[in-house]
$ cat upload05.txt   # compact mmCIF, N, CA and C atoms
# COMPACT_ATOMS: atom_id res chain seq x y z
N LYS A 1 -15.76 -14.86 -16.70
CA LYS A 1 -15.37 -13.53 -16.29
C LYS A 1 -16.01 -13.17 -14.94
N GLN A 2 -17.27 -13.56 -14.73
CA GLN A 2 -17.93 -13.26 -13.46
C GLN A 2 -17.23 -13.95 -12.30
N TRP A 3 -16.79 -15.19 -12.52
CA TRP A 3 -16.06 -15.90 -11.48
C TRP A 3 -14.78 -15.14 -11.13
N TYR A 4 -14.08 -14.69 -12.15
CA TYR A 4 -12.83 -13.96 -11.95
C TYR A 4 -13.10 -12.64 -11.21
N GLN A 5 -14.15 -11.94 -11.60
CA GLN A 5 -14.49 -10.69 -10.92
C GLN A 5 -14.83 -10.95 -9.46
N ARG A 6 -15.56 -12.03 -9.20
CA ARG A 6 -15.92 -12.38 -7.83
C ARG A 6 -14.66 -12.67 -7.01
N ARG A 7 -13.72 -13.41 -7.61
CA ARG A 7 -12.47 -13.74 -6.91
C ARG A 7 -11.66 -12.47 -6.64
N VAL A 8 -11.61 -11.57 -7.61
CA VAL A 8 -10.88 -10.31 -7.41
C VAL A 8 -11.56 -9.49 -6.32
N ARG A 9 -12.89 -9.45 -6.35
CA ARG A 9 -13.65 -8.72 -5.33
C ARG A 9 -13.34 -9.30 -3.95
N GLU A 10 -13.35 -10.63 -3.82
CA GLU A 10 -13.04 -11.28 -2.55
C GLU A 10 -11.61 -10.98 -2.11
N PHE A 11 -10.68 -11.05 -3.07
CA PHE A 11 -9.28 -10.74 -2.76
C PHE A 11 -9.16 -9.30 -2.28
N PHE A 12 -9.82 -8.38 -3.00
CA PHE A 12 -9.73 -6.97 -2.63
C PHE A 12 -10.30 -6.73 -1.24
N GLN A 13 -11.43 -7.37 -0.94
CA GLN A 13 -12.03 -7.22 0.38
C GLN A 13 -11.09 -7.75 1.46
N THR A 14 -10.48 -8.90 1.21
CA THR A 14 -9.53 -9.48 2.17
C THR A 14 -8.31 -8.59 2.32
N PHE A 15 -7.77 -8.13 1.18
CA PHE A 15 -6.61 -7.24 1.21
C PHE A 15 -6.94 -5.97 1.98
N GLN A 16 -8.10 -5.39 1.68
CA GLN A 16 -8.52 -4.16 2.34
C GLN A 16 -8.64 -4.41 3.84
N HIS A 17 -9.23 -5.54 4.23
CA HIS A 17 -9.40 -5.87 5.64
C HIS A 17 -8.04 -5.95 6.34
N TYR A 18 -7.11 -6.71 5.76
CA TYR A 18 -5.81 -6.87 6.40
C TYR A 18 -5.02 -5.57 6.39
N PHE A 19 -5.10 -4.83 5.30
CA PHE A 19 -4.40 -3.54 5.20
C PHE A 19 -4.89 -2.61 6.30
N ILE A 20 -6.21 -2.54 6.48
CA ILE A 20 -6.79 -1.69 7.52
C ILE A 20 -6.37 -2.19 8.90
N GLN A 21 -6.41 -3.52 9.09
CA GLN A 21 -6.04 -4.08 10.38
C GLN A 21 -4.59 -3.77 10.73
N ILE A 22 -3.70 -3.92 9.76
CA ILE A 22 -2.28 -3.65 10.00
C ILE A 22 -2.07 -2.18 10.32
N ASN A 23 -2.68 -1.31 9.51
CA ASN A 23 -2.53 0.13 9.76
C ASN A 23 -3.13 0.52 11.10
N LEU A 24 -4.29 -0.04 11.44
CA LEU A 24 -4.90 0.26 12.73
C LEU A 24 -4.04 -0.24 13.87
N SER A 25 -3.43 -1.41 13.69
CA SER A 25 -2.55 -1.95 14.74
C SER A 25 -1.35 -1.05 14.96
N ILE A 26 -0.74 -0.61 13.86
CA ILE A 26 0.42 0.28 13.97
C ILE A 26 0.00 1.60 14.60
N LEU A 27 -1.12 2.15 14.13
CA LEU A 27 -1.63 3.41 14.68
C LEU A 27 -1.94 3.25 16.16
N ALA A 28 -2.57 2.13 16.52
CA ALA A 28 -2.91 1.89 17.93
C ALA A 28 -1.65 1.80 18.77
N LEU A 29 -0.63 1.10 18.26
CA LEU A 29 0.63 1.01 19.00
C LEU A 29 1.25 2.39 19.20
N GLU A 30 1.26 3.18 18.13
CA GLU A 30 1.85 4.51 18.23
C GLU A 30 1.06 5.40 19.17
N MET A 31 -0.28 5.33 19.09
CA MET A 31 -1.11 6.14 19.98
C MET A 31 -0.96 5.68 21.43
N GLU A 32 -0.96 4.37 21.62
CA GLU A 32 -0.80 3.83 22.97
C GLU A 32 0.53 4.27 23.56
N HIS A 33 1.56 4.19 22.75
CA HIS A 33 2.89 4.61 23.19
C HIS A 33 2.88 6.09 23.57
N ALA A 34 2.26 6.93 22.73
CA ALA A 34 2.21 8.36 23.00
C ALA A 34 1.40 8.65 24.26
N VAL A 35 0.26 8.00 24.41
CA VAL A 35 -0.60 8.22 25.58
C VAL A 35 0.11 7.77 26.85
N ILE A 36 0.72 6.59 26.79
CA ILE A 36 1.41 6.07 27.97
C ILE A 36 2.55 7.00 28.37
N GLU A 37 3.29 7.47 27.38
CA GLU A 37 4.42 8.36 27.70
C GLU A 37 3.95 9.68 28.26
N LYS A 38 2.83 10.21 27.72
CA LYS A 38 2.31 11.48 28.23
C LYS A 38 1.79 11.32 29.64
N ALA A 39 1.02 10.27 29.87
CA ALA A 39 0.42 10.04 31.18
C ALA A 39 1.48 9.65 32.22
N ASN A 40 2.39 8.83 31.79
CA ASN A 40 3.41 8.33 32.71
C ASN A 40 4.67 8.03 31.91
N PRO A 41 5.59 8.98 31.81
CA PRO A 41 6.77 8.80 30.97
C PRO A 41 7.63 7.59 31.31
N VAL A 42 7.48 7.04 32.49
CA VAL A 42 8.30 5.89 32.85
C VAL A 42 7.52 4.58 32.73
N ALA A 43 6.28 4.63 32.17
CA ALA A 43 5.48 3.41 32.03
C ALA A 43 6.19 2.39 31.16
N LEU A 44 6.86 2.86 30.13
CA LEU A 44 7.68 1.97 29.31
C LEU A 44 9.13 2.14 29.76
N SER A 45 9.76 1.02 29.96
CA SER A 45 11.18 1.10 30.33
C SER A 45 11.97 1.58 29.12
N GLU A 46 13.15 2.01 29.34
CA GLU A 46 14.00 2.46 28.23
C GLU A 46 14.22 1.32 27.23
N GLU A 47 14.39 0.12 27.76
CA GLU A 47 14.57 -1.03 26.88
C GLU A 47 13.33 -1.26 26.02
N GLN A 48 12.14 -1.13 26.62
CA GLN A 48 10.90 -1.30 25.87
C GLN A 48 10.74 -0.22 24.81
N LYS A 49 11.11 1.01 25.16
CA LYS A 49 11.04 2.11 24.19
C LYS A 49 11.97 1.85 23.01
N VAL A 50 13.16 1.36 23.31
CA VAL A 50 14.14 1.06 22.25
C VAL A 50 13.60 -0.06 21.36
N LYS A 51 13.07 -1.11 21.98
CA LYS A 51 12.53 -2.23 21.20
C LYS A 51 11.35 -1.80 20.35
N LEU A 52 10.46 -0.97 20.89
CA LEU A 52 9.32 -0.48 20.13
C LEU A 52 9.78 0.34 18.93
N ASN A 53 10.73 1.22 19.16
CA ASN A 53 11.25 2.04 18.05
C ASN A 53 11.97 1.18 17.03
N GLN A 54 12.71 0.18 17.47
CA GLN A 54 13.38 -0.73 16.53
C GLN A 54 12.36 -1.49 15.70
N TYR A 55 11.28 -1.92 16.35
CA TYR A 55 10.22 -2.63 15.63
C TYR A 55 9.60 -1.72 14.56
N LYS A 56 9.32 -0.49 14.92
CA LYS A 56 8.74 0.46 13.96
C LYS A 56 9.68 0.68 12.78
N ILE A 57 10.94 0.88 13.07
CA ILE A 57 11.94 1.12 12.03
C ILE A 57 12.05 -0.10 11.12
N GLN A 58 12.16 -1.30 11.71
CA GLN A 58 12.28 -2.52 10.91
C GLN A 58 11.04 -2.75 10.05
N SER A 59 9.86 -2.48 10.61
CA SER A 59 8.63 -2.64 9.83
C SER A 59 8.62 -1.70 8.64
N ARG A 60 8.98 -0.46 8.86
CA ARG A 60 8.99 0.52 7.77
C ARG A 60 10.04 0.17 6.72
N LYS A 61 11.21 -0.26 7.20
CA LYS A 61 12.25 -0.67 6.25
C LYS A 61 11.80 -1.86 5.42
N GLY A 62 11.21 -2.84 6.08
CA GLY A 62 10.72 -4.02 5.37
C GLY A 62 9.68 -3.66 4.33
N ASN A 63 8.77 -2.76 4.70
CA ASN A 63 7.75 -2.30 3.75
C ASN A 63 8.38 -1.58 2.57
N GLU A 64 9.35 -0.72 2.85
CA GLU A 64 10.02 0.01 1.77
C GLU A 64 10.76 -0.92 0.83
N VAL A 65 11.46 -1.91 1.38
CA VAL A 65 12.19 -2.87 0.56
C VAL A 65 11.22 -3.64 -0.34
N PHE A 66 10.12 -4.10 0.25
CA PHE A 66 9.13 -4.84 -0.52
C PHE A 66 8.58 -3.97 -1.65
N LEU A 67 8.22 -2.73 -1.33
CA LEU A 67 7.65 -1.86 -2.35
C LEU A 67 8.66 -1.50 -3.44
N ARG A 68 9.93 -1.40 -3.09
CA ARG A 68 10.95 -1.14 -4.13
C ARG A 68 11.10 -2.34 -5.05
N LYS A 69 11.00 -3.53 -4.48
CA LYS A 69 11.12 -4.74 -5.29
C LYS A 69 9.88 -4.97 -6.16
N HIS A 70 8.78 -4.38 -5.75
CA HIS A 70 7.51 -4.58 -6.46
C HIS A 70 6.87 -3.24 -6.82
N PRO A 71 7.43 -2.54 -7.81
CA PRO A 71 6.87 -1.22 -8.17
C PRO A 71 5.44 -1.32 -8.69
N GLU A 72 5.05 -2.52 -9.09
CA GLU A 72 3.69 -2.68 -9.58
C GLU A 72 2.65 -2.41 -8.49
N VAL A 73 3.03 -2.63 -7.23
CA VAL A 73 2.09 -2.39 -6.13
C VAL A 73 1.71 -0.92 -6.09
N SER A 74 2.69 -0.04 -6.08
CA SER A 74 2.37 1.39 -6.01
C SER A 74 1.66 1.86 -7.28
N CYS A 75 2.02 1.29 -8.42
CA CYS A 75 1.32 1.64 -9.67
C CYS A 75 -0.13 1.19 -9.63
N LEU A 76 -0.36 -0.03 -9.15
CA LEU A 76 -1.74 -0.53 -9.06
C LEU A 76 -2.58 0.31 -8.10
N VAL A 77 -2.01 0.59 -6.94
CA VAL A 77 -2.74 1.38 -5.94
C VAL A 77 -2.99 2.79 -6.45
N SER A 78 -1.95 3.39 -7.02
CA SER A 78 -2.08 4.75 -7.55
C SER A 78 -3.11 4.81 -8.67
N ASP A 79 -3.05 3.87 -9.58
CA ASP A 79 -4.00 3.82 -10.69
C ASP A 79 -5.42 3.65 -10.17
N PHE A 80 -5.59 2.75 -9.23
CA PHE A 80 -6.92 2.51 -8.67
C PHE A 80 -7.45 3.74 -7.95
N LEU A 81 -6.64 4.34 -7.09
CA LEU A 81 -7.08 5.53 -6.35
C LEU A 81 -7.40 6.68 -7.29
N HIS A 82 -6.59 6.83 -8.32
CA HIS A 82 -6.84 7.87 -9.32
C HIS A 82 -8.24 7.70 -9.93
N GLU A 83 -8.54 6.48 -10.34
CA GLU A 83 -9.85 6.21 -10.95
C GLU A 83 -10.99 6.36 -9.95
N VAL A 84 -10.79 5.91 -8.72
CA VAL A 84 -11.83 6.05 -7.69
C VAL A 84 -12.13 7.52 -7.44
N LEU A 85 -11.09 8.32 -7.31
CA LEU A 85 -11.31 9.73 -7.03
C LEU A 85 -11.89 10.48 -8.23
N LEU A 86 -11.58 10.03 -9.43
CA LEU A 86 -12.19 10.64 -10.62
C LEU A 86 -13.66 10.27 -10.75
N GLN A 87 -13.95 8.99 -10.58
CA GLN A 87 -15.30 8.51 -10.85
C GLN A 87 -16.21 8.48 -9.62
N ARG A 88 -15.63 8.45 -8.44
CA ARG A 88 -16.38 8.43 -7.18
C ARG A 88 -17.56 7.44 -7.21
N PRO A 89 -17.27 6.16 -7.37
CA PRO A 89 -18.36 5.17 -7.48
C PRO A 89 -19.09 4.98 -6.15
N GLU A 90 -20.35 4.63 -6.23
CA GLU A 90 -21.15 4.34 -5.04
C GLU A 90 -20.64 3.07 -4.35
N ASN A 91 -20.39 2.04 -5.16
CA ASN A 91 -19.94 0.76 -4.62
C ASN A 91 -18.47 0.57 -5.00
N VAL A 92 -17.60 0.90 -4.07
CA VAL A 92 -16.16 0.87 -4.35
C VAL A 92 -15.66 -0.55 -4.56
N VAL A 93 -16.20 -1.51 -3.82
CA VAL A 93 -15.75 -2.90 -3.96
C VAL A 93 -16.10 -3.42 -5.35
N GLU A 94 -17.31 -3.15 -5.80
CA GLU A 94 -17.71 -3.58 -7.15
C GLU A 94 -16.86 -2.87 -8.20
N PHE A 95 -16.62 -1.59 -7.98
CA PHE A 95 -15.77 -0.83 -8.89
C PHE A 95 -14.37 -1.44 -8.95
N ALA A 96 -13.84 -1.84 -7.78
CA ALA A 96 -12.51 -2.44 -7.71
C ALA A 96 -12.47 -3.74 -8.50
N ALA A 97 -13.51 -4.56 -8.35
CA ALA A 97 -13.57 -5.83 -9.08
C ALA A 97 -13.54 -5.58 -10.58
N GLN A 98 -14.28 -4.60 -11.03
CA GLN A 98 -14.29 -4.28 -12.46
C GLN A 98 -12.96 -3.66 -12.90
N HIS A 99 -12.43 -2.79 -12.05
CA HIS A 99 -11.17 -2.11 -12.38
C HIS A 99 -10.03 -3.12 -12.56
N PHE A 100 -9.90 -4.04 -11.61
CA PHE A 100 -8.77 -4.96 -11.63
C PHE A 100 -8.95 -6.12 -12.60
N THR A 101 -10.11 -6.24 -13.23
CA THR A 101 -10.30 -7.28 -14.22
C THR A 101 -10.31 -6.72 -15.65
N GLN A 102 -10.00 -5.45 -15.79
CA GLN A 102 -9.92 -4.88 -17.13
C GLN A 102 -8.78 -5.55 -17.90
N PRO A 103 -9.03 -5.94 -19.14
CA PRO A 103 -7.98 -6.63 -19.91
C PRO A 103 -6.72 -5.79 -20.12
N GLU A 104 -6.88 -4.48 -20.20
CA GLU A 104 -5.72 -3.64 -20.50
C GLU A 104 -4.94 -3.19 -19.26
N ILE A 105 -5.36 -3.63 -18.07
CA ILE A 105 -4.70 -3.15 -16.86
C ILE A 105 -3.22 -3.55 -16.81
N ARG A 106 -2.91 -4.76 -17.24
CA ARG A 106 -1.51 -5.22 -17.21
C ARG A 106 -0.62 -4.33 -18.07
N SER A 107 -1.06 -4.01 -19.28
CA SER A 107 -0.23 -3.17 -20.15
C SER A 107 -0.15 -1.74 -19.60
N ARG A 108 -1.24 -1.25 -19.01
CA ARG A 108 -1.22 0.11 -18.44
C ARG A 108 -0.24 0.19 -17.27
N ILE A 109 -0.27 -0.82 -16.40
CA ILE A 109 0.64 -0.83 -15.24
C ILE A 109 2.08 -1.00 -15.70
N ASN A 110 2.30 -1.89 -16.68
CA ASN A 110 3.67 -2.06 -17.21
C ASN A 110 4.19 -0.77 -17.82
N SER A 111 3.33 -0.01 -18.49
CA SER A 111 3.73 1.29 -19.05
C SER A 111 4.09 2.26 -17.93
N GLN A 112 3.29 2.27 -16.87
CA GLN A 112 3.59 3.15 -15.75
C GLN A 112 4.92 2.79 -15.09
N ILE A 113 5.17 1.49 -14.96
CA ILE A 113 6.44 1.05 -14.36
C ILE A 113 7.60 1.48 -15.25
N ALA A 114 7.46 1.33 -16.55
CA ALA A 114 8.51 1.75 -17.49
C ALA A 114 8.76 3.25 -17.37
N GLU A 115 7.70 4.03 -17.26
CA GLU A 115 7.85 5.49 -17.10
C GLU A 115 8.56 5.82 -15.79
N GLU A 116 8.19 5.13 -14.72
CA GLU A 116 8.85 5.37 -13.43
C GLU A 116 10.34 5.05 -13.51
N LYS A 117 10.67 3.95 -14.18
CA LYS A 117 12.08 3.58 -14.33
C LYS A 117 12.85 4.64 -15.12
N LYS A 118 12.22 5.17 -16.18
CA LYS A 118 12.86 6.24 -16.95
C LYS A 118 13.13 7.46 -16.08
N LEU A 119 12.13 7.84 -15.27
CA LEU A 119 12.29 8.98 -14.39
C LEU A 119 13.40 8.75 -13.37
N LEU A 120 13.45 7.55 -12.83
CA LEU A 120 14.50 7.23 -11.86
C LEU A 120 15.89 7.29 -12.49
N ARG A 121 16.00 6.79 -13.74
CA ARG A 121 17.30 6.85 -14.44
C ARG A 121 17.70 8.30 -14.69
N ARG A 122 16.73 9.14 -15.10
CA ARG A 122 17.03 10.56 -15.33
C ARG A 122 17.51 11.24 -14.04
N GLU A 123 16.80 10.96 -12.94
CA GLU A 123 17.19 11.53 -11.66
C GLU A 123 18.58 11.07 -11.25
N ALA A 124 18.88 9.80 -11.47
CA ALA A 124 20.21 9.27 -11.12
C ALA A 124 21.29 9.95 -11.95
N ARG A 125 21.00 10.17 -13.25
CA ARG A 125 21.98 10.87 -14.10
C ARG A 125 22.20 12.28 -13.64
N ARG A 126 21.12 12.98 -13.25
CA ARG A 126 21.24 14.36 -12.77
C ARG A 126 22.08 14.43 -11.50
N GLU A 127 21.86 13.46 -10.61
CA GLU A 127 22.62 13.43 -9.36
C GLU A 127 24.10 13.17 -9.62
N GLN A 128 24.41 12.38 -10.65
CA GLN A 128 25.80 12.07 -10.97
C GLN A 128 26.50 13.26 -11.61
N SER A 129 25.72 14.12 -12.26
CA SER A 129 26.31 15.28 -12.96
C SER A 129 26.78 16.34 -12.01
$ encode --input "upload05.txt" --output "structure tokens"
Amino acid sequence: KQWYQRRVREFFQTFQHYFIQINLSILALEMEHAVIEKANPVALSEEQKVKLNQYKIQSRKGNEVFLRKHPEVSCLVSDFLHEVLLQRPENVVEFAAQHFTQPEIRSRINSQIAEEKKLLRREARREQS
């Protein structure tokens, strides 16, 4: 179990690192774009502006498609954040390792996914009515 917790902890740290890096990269691009346009609106050519916006749109679409195909991701993140904010642990990485190695996590996440699917079906029926 300790080996598994260590592996989950390492995975979480790596995931957190890349997640932060990706978000910082996107934020940096958006801020750089905004600063460049404010300082010098013609610094980016129209073609560059179009390509940058297309890249942003495609990235967001790709992320949305992935998350729709994998509802467990949002359930896992939501469940984890809920517990972190409730318990406010001193060592979040250690807490994450323990959280994600709980034996009942799979059934809890599957239940959440089932509930989400029920809600989506209800909403779809309401829209059809």
$ atom_distance --input "upload05.txt" --atom1 "CA of Arg68 (chain A)" --atom2 "CA of Leu119 (chain A)"
14.5 Å
$ atom_distance --input "upload05.txt" --atom1 "CA of Val50 (chain A)" --atom2 "CA of Leu67 (chain A)"
25.6 Å
$ closest_atom_pairs --input "upload05.txt" --of "region 42-101 of chain A" --to "region 112-117 of chain A" --cutoff "8 Å" --atoms "all atoms listed in the file" --output "Markdown table"
| residue | atom | partner | partner_atom | distance |
| --- | --- | --- | --- | --- |
| A:Pro71 | C | A:Ile113 | CA | 6.2 |
| A:Glu72 | N | A:Ile113 | CA | 6.5 |
| A:Cys75 | CA | A:Ile113 | N | 6.5 |
$ atom_distance --input "upload05.txt" --atom1 "CA of Gln102 (chain A)" --atom2 "CA of Phe66 (chain A)"
25.3 Å
$ build_atoms --input "upload05.txt" --residues "region 97-108 of chain A" --atoms "all heavy atoms" --output "PDB file, in the frame of the given file"
ATOM      1  N   ALA A  97     -13.510  -4.560  -8.350  1.00  0.00           N
ATOM      2  CA  ALA A  97     -13.570  -5.830  -9.080  1.00  0.00           C
ATOM      3  C   ALA A  97     -13.540  -5.580 -10.580  1.00  0.00           C
ATOM      4  O   ALA A  97     -12.811  -6.260 -11.312  1.00  0.00           O
ATOM      5  CB  ALA A  97     -14.831  -6.599  -8.697  1.00  0.00           C
ATOM      6  N   GLN A  98     -14.280  -4.600 -11.030  1.00  0.00           N
ATOM      7  CA  GLN A  98     -14.290  -4.280 -12.460  1.00  0.00           C
ATOM      8  C   GLN A  98     -12.960  -3.660 -12.900  1.00  0.00           C
ATOM      9  O   GLN A  98     -12.431  -3.985 -13.953  1.00  0.00           O
ATOM     10  CB  GLN A  98     -15.457  -3.353 -12.783  1.00  0.00           C
ATOM     11  CG  GLN A  98     -16.796  -4.028 -12.645  1.00  0.00           C
ATOM     12  CD  GLN A  98     -17.959  -3.053 -12.800  1.00  0.00           C
ATOM     13  OE1 GLN A  98     -17.769  -1.874 -12.998  1.00  0.00           O
ATOM     14  NE2 GLN A  98     -19.165  -3.589 -12.698  1.00  0.00           N
ATOM     15  N   HIS A  99     -12.430  -2.790 -12.050  1.00  0.00           N
ATOM     16  CA  HIS A  99     -11.170  -2.110 -12.380  1.00  0.00           C
ATOM     17  C   HIS A  99     -10.030  -3.120 -12.560  1.00  0.00           C
ATOM     18  O   HIS A  99      -9.281  -3.044 -13.528  1.00  0.00           O
ATOM     19  CB  HIS A  99     -10.824  -1.102 -11.283  1.00  0.00           C
ATOM     20  CG  HIS A  99      -9.534  -0.407 -11.501  1.00  0.00           C
ATOM     21  ND1 HIS A  99      -9.389   0.656 -12.363  1.00  0.00           N
ATOM     22  CD2 HIS A  99      -8.297  -0.635 -10.993  1.00  0.00           C
ATOM     23  CE1 HIS A  99      -8.136   1.061 -12.363  1.00  0.00           C
ATOM     24  NE2 HIS A  99      -7.450   0.291 -11.535  1.00  0.00           N
ATOM     25  N   PHE A 100      -9.900  -4.040 -11.610  1.00  0.00           N
ATOM     26  CA  PHE A 100      -8.770  -4.960 -11.630  1.00  0.00           C
ATOM     27  C   PHE A 100      -8.950  -6.120 -12.600  1.00  0.00           C
ATOM     28  O   PHE A 100      -8.024  -6.914 -12.780  1.00  0.00           O
ATOM     29  CB  PHE A 100      -8.451  -5.464 -10.224  1.00  0.00           C
ATOM     30  CG  PHE A 100      -7.839  -4.405  -9.356  1.00  0.00           C
ATOM     31  CD1 PHE A 100      -8.533  -3.877  -8.282  1.00  0.00           C
ATOM     32  CD2 PHE A 100      -6.574  -3.915  -9.626  1.00  0.00           C
ATOM     33  CE1 PHE A 100      -7.975  -2.888  -7.485  1.00  0.00           C
ATOM     34  CE2 PHE A 100      -6.004  -2.925  -8.841  1.00  0.00           C
ATOM     35  CZ  PHE A 100      -6.704  -2.412  -7.766  1.00  0.00           C
ATOM     36  N   THR A 101     -10.110  -6.240 -13.230  1.00  0.00           N
ATOM     37  CA  THR A 101     -10.300  -7.280 -14.220  1.00  0.00           C
ATOM     38  C   THR A 101     -10.310  -6.720 -15.650  1.00  0.00           C
ATOM     39  O   THR A 101     -10.596  -7.467 -16.586  1.00  0.00           O
ATOM     40  CB  THR A 101     -11.614  -8.056 -13.965  1.00  0.00           C
ATOM     41  OG1 THR A 101     -12.707  -7.142 -13.929  1.00  0.00           O
ATOM     42  CG2 THR A 101     -11.535  -8.836 -12.672  1.00  0.00           C
ATOM     43  N   GLN A 102     -10.000  -5.450 -15.790  1.00  0.00           N
ATOM     44  CA  GLN A 102      -9.920  -4.880 -17.130  1.00  0.00           C
ATOM     45  C   GLN A 102      -8.780  -5.550 -17.900  1.00  0.00           C
ATOM     46  O   GLN A 102      -7.680  -5.705 -17.361  1.00  0.00           O
ATOM     47  CB  GLN A 102      -9.644  -3.374 -17.065  1.00  0.00           C
ATOM     48  CG  GLN A 102     -10.749  -2.565 -16.455  1.00  0.00           C
ATOM     49  CD  GLN A 102     -10.324  -1.114 -16.282  1.00  0.00           C
ATOM     50  OE1 GLN A 102      -9.295  -0.690 -16.764  1.00  0.00           O
ATOM     51  NE2 GLN A 102     -11.154  -0.370 -15.584  1.00  0.00           N
ATOM     52  N   PRO A 103      -9.030  -5.940 -19.140  1.00  0.00           N
ATOM     53  CA  PRO A 103      -7.980  -6.630 -19.910  1.00  0.00           C
ATOM     54  C   PRO A 103      -6.720  -5.790 -20.120  1.00  0.00           C
ATOM     55  O   PRO A 103      -5.622  -6.331 -20.162  1.00  0.00           O
ATOM     56  CB  PRO A 103      -8.658  -6.928 -21.257  1.00  0.00           C
ATOM     57  CG  PRO A 103     -10.110  -6.706 -21.051  1.00  0.00           C
ATOM     58  CD  PRO A 103     -10.286  -5.828 -19.864  1.00  0.00           C
ATOM     59  N   GLU A 104      -6.880  -4.480 -20.200  1.00  0.00           N
ATOM     60  CA  GLU A 104      -5.720  -3.640 -20.500  1.00  0.00           C
ATOM     61  C   GLU A 104      -4.940  -3.190 -19.260  1.00  0.00           C
ATOM     62  O   GLU A 104      -3.942  -2.484 -19.371  1.00  0.00           O
ATOM     63  CB  GLU A 104      -6.148  -2.401 -21.303  1.00  0.00           C
ATOM     64  CG  GLU A 104      -6.919  -1.339 -20.527  1.00  0.00           C
ATOM     65  CD  GLU A 104      -8.401  -1.634 -20.385  1.00  0.00           C
ATOM     66  OE1 GLU A 104      -8.895  -2.621 -20.943  1.00  0.00           O
ATOM     67  OE2 GLU A 104      -9.067  -0.859 -19.686  1.00  0.00           O
ATOM     68  N   ILE A 105      -5.360  -3.630 -18.070  1.00  0.00           N
ATOM     69  CA  ILE A 105      -4.700  -3.150 -16.860  1.00  0.00           C
ATOM     70  C   ILE A 105      -3.220  -3.550 -16.810  1.00  0.00           C
ATOM     71  O   ILE A 105      -2.372  -2.767 -16.407  1.00  0.00           O
ATOM     72  CB  ILE A 105      -5.430  -3.578 -15.567  1.00  0.00           C
ATOM     73  CG1 ILE A 105      -4.893  -2.759 -14.383  1.00  0.00           C
ATOM     74  CG2 ILE A 105      -5.308  -5.063 -15.327  1.00  0.00           C
ATOM     75  CD1 ILE A 105      -5.743  -2.852 -13.149  1.00  0.00           C
ATOM     76  N   ARG A 106      -2.910  -4.760 -17.240  1.00  0.00           N
ATOM     77  CA  ARG A 106      -1.510  -5.220 -17.210  1.00  0.00           C
ATOM     78  C   ARG A 106      -0.620  -4.330 -18.070  1.00  0.00           C
ATOM     79  O   ARG A 106       0.436  -3.885 -17.619  1.00  0.00           O
ATOM     80  CB  ARG A 106      -1.418  -6.667 -17.682  1.00  0.00           C
ATOM     81  CG  ARG A 106       0.026  -7.189 -17.663  1.00  0.00           C
ATOM     82  CD  ARG A 106       0.085  -8.644 -17.962  1.00  0.00           C
ATOM     83  NE  ARG A 106      -0.420  -9.325 -16.775  1.00  0.00           N
ATOM     84  CZ  ARG A 106      -0.887 -10.553 -16.761  1.00  0.00           C
ATOM     85  NH1 ARG A 106      -0.925 -11.253 -17.853  1.00  0.00           N
ATOM     86  NH2 ARG A 106      -1.317 -11.112 -15.654  1.00  0.00           N
ATOM     87  N   SER A 107      -1.060  -4.010 -19.280  1.00  0.00           N
ATOM     88  CA  SER A 107      -0.230  -3.170 -20.150  1.00  0.00           C
ATOM     89  C   SER A 107      -0.150  -1.740 -19.600  1.00  0.00           C
ATOM     90  O   SER A 107       0.901  -1.106 -19.676  1.00  0.00           O
ATOM     91  CB  SER A 107      -0.752  -3.175 -21.586  1.00  0.00           C
ATOM     92  OG  SER A 107      -2.057  -2.645 -21.633  1.00  0.00           O
ATOM     93  N   ARG A 108      -1.240  -1.250 -19.010  1.00  0.00           N
ATOM     94  CA  ARG A 108      -1.220   0.110 -18.440  1.00  0.00           C
ATOM     95  C   ARG A 108      -0.240   0.190 -17.270  1.00  0.00           C
ATOM     96  O   ARG A 108       0.553   1.125 -17.173  1.00  0.00           O
ATOM     97  CB  ARG A 108      -2.642   0.496 -18.001  1.00  0.00           C
ATOM     98  CG  ARG A 108      -2.776   1.947 -17.653  1.00  0.00           C
ATOM     99  CD  ARG A 108      -4.212   2.395 -17.472  1.00  0.00           C
ATOM    100  NE  ARG A 108      -4.840   1.754 -16.334  1.00  0.00           N
ATOM    101  CZ  ARG A 108      -5.955   1.031 -16.396  1.00  0.00           C
ATOM    102  NH1 ARG A 108      -6.572   0.865 -17.547  1.00  0.00           N
ATOM    103  NH2 ARG A 108      -6.455   0.485 -15.323  1.00  0.00           N
TER     104      ARG A 108
END
